[in-house]
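Engineer: Provided herewith: model.cif, mmCIF, C-alpha atoms, pLDDT in the B column; chains and numbers go by the auth columns.
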```cif
data_entry
loop_
_atom_site.group_PDB
_atom_site.id
_atom_site.type_symbol
_atom_site.label_atom_id
_atom_site.label_comp_id
_atom_site.label_asym_id
_atom_site.label_seq_id
_atom_site.Cartn_x
_atom_site.Cartn_y
_atom_site.Cartn_z
_atom_site.B_iso_or_equiv
_atom_site.auth_seq_id
_atom_site.auth_asym_id
ATOM 1 C CA MET A 1 -7.465 -21.115 -7.231 74.00 1 A
ATOM 2 C CA LYS A 2 -8.236 -21.389 -3.543 81.00 2 A
ATOM 3 C CA LEU A 3 -6.137 -19.379 -1.137 81.00 3 A
ATOM 4 C CA GLU A 4 -5.316 -20.847 2.235 91.00 4 A
ATOM 5 C CA ARG A 5 -5.404 -18.898 5.470 93.00 5 A
ATOM 6 C CA LYS A 6 -1.628 -18.407 5.480 94.00 6 A
ATOM 7 C CA HIS A 7 -1.782 -16.838 2.012 94.00 7 A
ATOM 8 C CA ALA A 8 -4.568 -14.529 3.127 95.00 8 A
ATOM 9 C CA LEU A 9 -2.553 -13.405 6.135 96.00 9 A
ATOM 10 C CA VAL A 10 0.445 -12.623 3.922 96.00 10 A
ATOM 11 C CA LEU A 11 -1.736 -10.548 1.591 96.00 11 A
ATOM 12 C CA VAL A 12 -3.195 -8.572 4.492 97.00 12 A
ATOM 13 C CA ALA A 13 0.254 -8.096 6.037 97.00 13 A
ATOM 14 C CA VAL A 14 1.687 -6.768 2.762 97.00 14 A
ATOM 15 C CA ALA A 15 -1.270 -4.404 2.391 98.00 15 A
ATOM 16 C CA VAL A 16 -0.780 -3.045 5.911 98.00 16 A
ATOM 17 C CA TRP A 17 2.967 -2.709 5.322 97.00 17 A
ATOM 18 C CA ASN A 18 2.341 -0.711 2.125 96.00 18 A
ATOM 19 C CA VAL A 19 -0.071 1.631 3.877 97.00 19 A
ATOM 20 C CA VAL A 20 2.249 2.236 6.835 97.00 20 A
ATOM 21 C CA THR A 21 5.401 2.776 4.791 97.00 21 A
ATOM 22 C CA TYR A 22 3.759 4.979 2.184 96.00 22 A
ATOM 23 C CA ALA A 23 1.973 7.016 4.853 96.00 23 A
ATOM 24 C CA GLN A 24 5.381 7.771 6.352 96.00 24 A
ATOM 25 C CA PHE A 25 6.781 8.508 2.893 95.00 25 A
ATOM 26 C CA THR A 26 3.889 10.895 2.204 95.00 26 A
ATOM 27 C CA LYS A 27 4.482 12.678 5.498 96.00 27 A
ATOM 28 C CA ALA A 28 8.191 13.078 4.701 93.00 28 A
ATOM 29 C CA LEU A 29 7.405 14.308 1.190 92.00 29 A
ATOM 30 C CA VAL A 30 4.958 16.922 2.468 92.00 30 A
ATOM 31 C CA GLN A 31 7.358 18.133 5.146 93.00 31 A
ATOM 32 C CA THR A 32 10.359 18.431 2.835 89.00 32 A
ATOM 33 C CA GLU A 33 12.062 21.798 3.051 84.00 33 A
ATOM 34 C CA GLU A 34 14.195 21.307 -0.045 87.00 34 A
ATOM 35 C CA ASP A 35 13.411 23.157 -3.235 90.00 35 A
ATOM 36 C CA ARG A 36 12.592 20.430 -5.743 91.00 36 A
ATOM 37 C CA PRO A 37 11.157 20.611 -9.255 93.00 37 A
ATOM 38 C CA THR A 38 7.438 19.964 -9.652 92.00 38 A
ATOM 39 C CA GLY A 39 8.150 16.734 -11.558 95.00 39 A
ATOM 40 C CA TYR A 40 9.747 15.290 -8.422 93.00 40 A
ATOM 41 C CA PHE A 41 6.545 15.766 -6.440 93.00 41 A
ATOM 42 C CA VAL A 42 4.341 14.561 -9.296 95.00 42 A
ATOM 43 C CA ALA A 43 6.401 11.383 -9.788 96.00 43 A
ATOM 44 C CA HIS A 44 6.442 10.566 -6.096 95.00 44 A
ATOM 45 C CA GLY A 45 2.756 11.409 -5.774 95.00 45 A
ATOM 46 C CA VAL A 46 1.973 8.917 -8.535 97.00 46 A
ATOM 47 C CA LEU A 47 4.093 6.274 -6.776 96.00 47 A
ATOM 48 C CA ILE A 48 2.204 6.862 -3.544 96.00 48 A
ATOM 49 C CA VAL A 49 -1.211 6.584 -5.204 97.00 49 A
ATOM 50 C CA VAL A 50 -0.282 3.431 -7.149 97.00 50 A
ATOM 51 C CA ASN A 51 1.112 1.701 -4.069 96.00 51 A
ATOM 52 C CA LEU A 52 -1.928 2.601 -1.986 96.00 52 A
ATOM 53 C CA VAL A 53 -4.197 1.194 -4.709 97.00 53 A
ATOM 54 C CA ILE A 54 -2.113 -1.992 -4.675 97.00 54 A
ATOM 55 C CA ALA A 55 -2.505 -2.119 -0.883 97.00 55 A
ATOM 56 C CA VAL A 56 -6.289 -1.829 -1.189 97.00 56 A
ATOM 57 C CA VAL A 57 -6.467 -4.589 -3.795 97.00 57 A
ATOM 58 C CA LEU A 58 -4.235 -6.943 -1.793 97.00 58 A
ATOM 59 C CA GLY A 59 -6.098 -6.153 1.412 97.00 59 A
ATOM 60 C CA ARG A 60 -9.466 -6.922 -0.186 97.00 60 A
ATOM 61 C CA TRP A 61 -8.172 -10.199 -1.620 95.00 61 A
ATOM 62 C CA GLY A 62 -6.691 -11.131 1.743 95.00 62 A
ATOM 63 C CA LEU A 63 -9.862 -10.331 3.656 95.00 63 A
ATOM 64 C CA ARG A 64 -12.013 -12.248 1.174 94.00 64 A
ATOM 65 C CA ALA A 65 -9.691 -15.244 1.467 94.00 65 A
ATOM 66 C CA LEU A 66 -9.804 -15.037 5.272 93.00 66 A
ATOM 67 C CA ARG A 67 -13.599 -15.000 5.250 93.00 67 A
ATOM 68 C CA ALA A 68 -13.691 -17.911 2.788 90.00 68 A
ATOM 69 C CA SER A 69 -11.323 -19.973 4.930 84.00 69 A
ATOM 70 C CA ARG A 70 -13.675 -19.942 7.911 80.00 70 A
#
```
Please go through the file and, once you have read it, give me the structure as structure tokens.
Structural biologist:
Amino acid sequence: MKLERKHALVLVAVAVWNVVTYAQFTKALVQTEEDRPTGYFVAHGVLIVVNLVIAVVLGRWGLRALRASR
């Protein structure tokens, strides 16, 4: 399957969006003053890692597609 430039831009945009939103989420999670159980932090930490991995994969695909479209 060949991705067009518009598809590549969407992939890169989604990757950037994931990084920005989950960076803010991480900051809020670290700065929380509430007393939460450890499982709360573990579950949210896993969500952060998984979404950042997804962002890296989508970003790489998008950048490869952009380079291929030139």
Engineer: Can you spell out as a VMD selection string the set of residues that the PyMOL selection byres ((chain A and resi 63-66) around 12) selects in the structure I just provided?
Structural biologist: chain A and resid 1 to 13 15 to 16 55 to 62 67 to 70
Engineer: Would you list the contacts of Thr26 in chain A as number ranges by chain, taking every protein, DNA or RNA residue within 10 Å and counting all atoms listed in the file, but skipping same-chain residues closer than 5 positions in sequence?
Structural biologist: A: 20-21, 31-32, 44-45, 48-49
Engineer: Find the axis-aligned box for range 52-62 of chain A, covering all its listed atoms and adding 8 Å on each side, and write its centre and edge lengths in Å to one decimal as AutoDock Vina command-line options.
Structural biologist:
```
--center_x -5.7 --center_y -4.3 --center_z -1.5 --size_x 23.5 --size_y 29.7 --size_z 22.5
```
Engineer: When you draw a straight line from CA of Asn51 in chain A to CA of Val19 in chain A, how long is it in Å?
Structural biologist: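 Between CA of Asn51 in chain A and CA of Val19 in chain A the gap works out to 8.0 Å.
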Engineer: Report, in Å with one decimal, the straight-line distance from CA of Val42 in chain A to CA of Leu29 in chain A.
Structural biologist: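 Taking CA of Val42 in chain A and CA of Leu29 in chain A, their separation equals 10.9 Å.
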Engineer: Enter the distance from CA of Val53 in chain A to CA of Pro37 in chain A, in Å, rounded to one decimal.
Structural biologist: 25.2 Å
Engineer: Can you patch up range 33-61 of chain A, filling it in to N, CA and C atoms, and show the result as a tab-separated table (two decimals), in the coordinates of the input?
Structural biologist:
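The resulting file, selection_25.tsv, is reproduced below:
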```tsv
chain	number	residue	atom	x	y	z
A	33	GLU	N	11.73	20.37	3.09
A	33	GLU	CA	12.06	21.80	3.05
A	33	GLU	C	12.92	22.12	1.83
A	34	GLU	N	13.33	21.10	1.12
A	34	GLU	CA	14.20	21.31	-0.04
A	34	GLU	C	13.39	21.84	-1.22
A	35	ASP	N	14.05	22.63	-2.04
A	35	ASP	CA	13.41	23.16	-3.24
A	35	ASP	C	13.60	22.14	-4.36
A	36	ARG	N	12.54	21.46	-4.71
A	36	ARG	CA	12.59	20.43	-5.74
A	36	ARG	C	11.72	20.84	-6.93
A	37	PRO	N	12.02	20.33	-8.11
A	37	PRO	CA	11.16	20.61	-9.26
A	37	PRO	C	9.79	19.94	-9.09
A	38	THR	N	8.80	20.49	-9.75
A	38	THR	CA	7.44	19.96	-9.65
A	38	THR	C	7.37	18.50	-10.08
A	39	GLY	N	8.15	18.12	-11.08
A	39	GLY	CA	8.15	16.73	-11.56
A	39	GLY	C	8.51	15.74	-10.47
A	40	TYR	N	9.36	16.15	-9.55
A	40	TYR	CA	9.75	15.29	-8.42
A	40	TYR	C	8.52	14.94	-7.59
A	41	PHE	N	7.72	15.98	-7.27
A	41	PHE	CA	6.54	15.77	-6.44
A	41	PHE	C	5.46	15.01	-7.20
A	42	VAL	N	5.33	15.28	-8.49
A	42	VAL	CA	4.34	14.56	-9.30
A	42	VAL	C	4.71	13.08	-9.38
A	43	ALA	N	5.96	12.78	-9.67
A	43	ALA	CA	6.40	11.38	-9.79
A	43	ALA	C	6.21	10.63	-8.48
A	44	HIS	N	6.59	11.24	-7.38
A	44	HIS	CA	6.44	10.57	-6.10
A	44	HIS	C	4.98	10.48	-5.67
A	45	GLY	N	4.19	11.47	-6.05
A	45	GLY	CA	2.76	11.41	-5.77
A	45	GLY	C	2.10	10.26	-6.51
A	46	VAL	N	2.50	10.05	-7.76
A	46	VAL	CA	1.97	8.92	-8.54
A	46	VAL	C	2.39	7.60	-7.89
A	47	LEU	N	3.64	7.50	-7.46
A	47	LEU	CA	4.09	6.27	-6.78
A	47	LEU	C	3.27	5.99	-5.52
A	48	ILE	N	2.99	7.03	-4.77
A	48	ILE	CA	2.20	6.86	-3.54
A	48	ILE	C	0.81	6.36	-3.87
A	49	VAL	N	0.15	6.98	-4.84
A	49	VAL	CA	-1.21	6.58	-5.20
A	49	VAL	C	-1.24	5.14	-5.71
A	50	VAL	N	-0.31	4.79	-6.59
A	50	VAL	CA	-0.28	3.43	-7.15
A	50	VAL	C	-0.06	2.40	-6.04
A	51	ASN	N	0.85	2.67	-5.14
A	51	ASN	CA	1.11	1.70	-4.07
A	51	ASN	C	-0.05	1.60	-3.09
A	52	LEU	N	-0.75	2.68	-2.86
A	52	LEU	CA	-1.93	2.60	-1.99
A	52	LEU	C	-3.06	1.84	-2.67
A	53	VAL	N	-3.20	1.98	-3.97
A	53	VAL	CA	-4.20	1.19	-4.71
A	53	VAL	C	-3.84	-0.29	-4.64
A	54	ILE	N	-2.56	-0.60	-4.80
A	54	ILE	CA	-2.11	-1.99	-4.68
A	54	ILE	C	-2.43	-2.52	-3.28
A	55	ALA	N	-2.21	-1.70	-2.26
A	55	ALA	CA	-2.50	-2.12	-0.88
A	55	ALA	C	-3.99	-2.42	-0.71
A	56	VAL	N	-4.84	-1.60	-1.30
A	56	VAL	CA	-6.29	-1.83	-1.19
A	56	VAL	C	-6.67	-3.13	-1.87
A	57	VAL	N	-6.14	-3.36	-3.05
A	57	VAL	CA	-6.47	-4.59	-3.80
A	57	VAL	C	-6.00	-5.82	-3.02
A	58	LEU	N	-4.76	-5.79	-2.55
A	58	LEU	CA	-4.24	-6.94	-1.79
A	58	LEU	C	-5.00	-7.14	-0.49
A	59	GLY	N	-5.34	-6.05	0.17
A	59	GLY	CA	-6.10	-6.15	1.41
A	59	GLY	C	-7.48	-6.76	1.19
A	60	ARG	N	-8.14	-6.35	0.12
A	60	ARG	CA	-9.47	-6.92	-0.19
A	60	ARG	C	-9.35	-8.41	-0.50
A	61	TRP	N	-8.36	-8.78	-1.31
A	61	TRP	CA	-8.17	-10.20	-1.62
A	61	TRP	C	-7.89	-10.99	-0.35
```
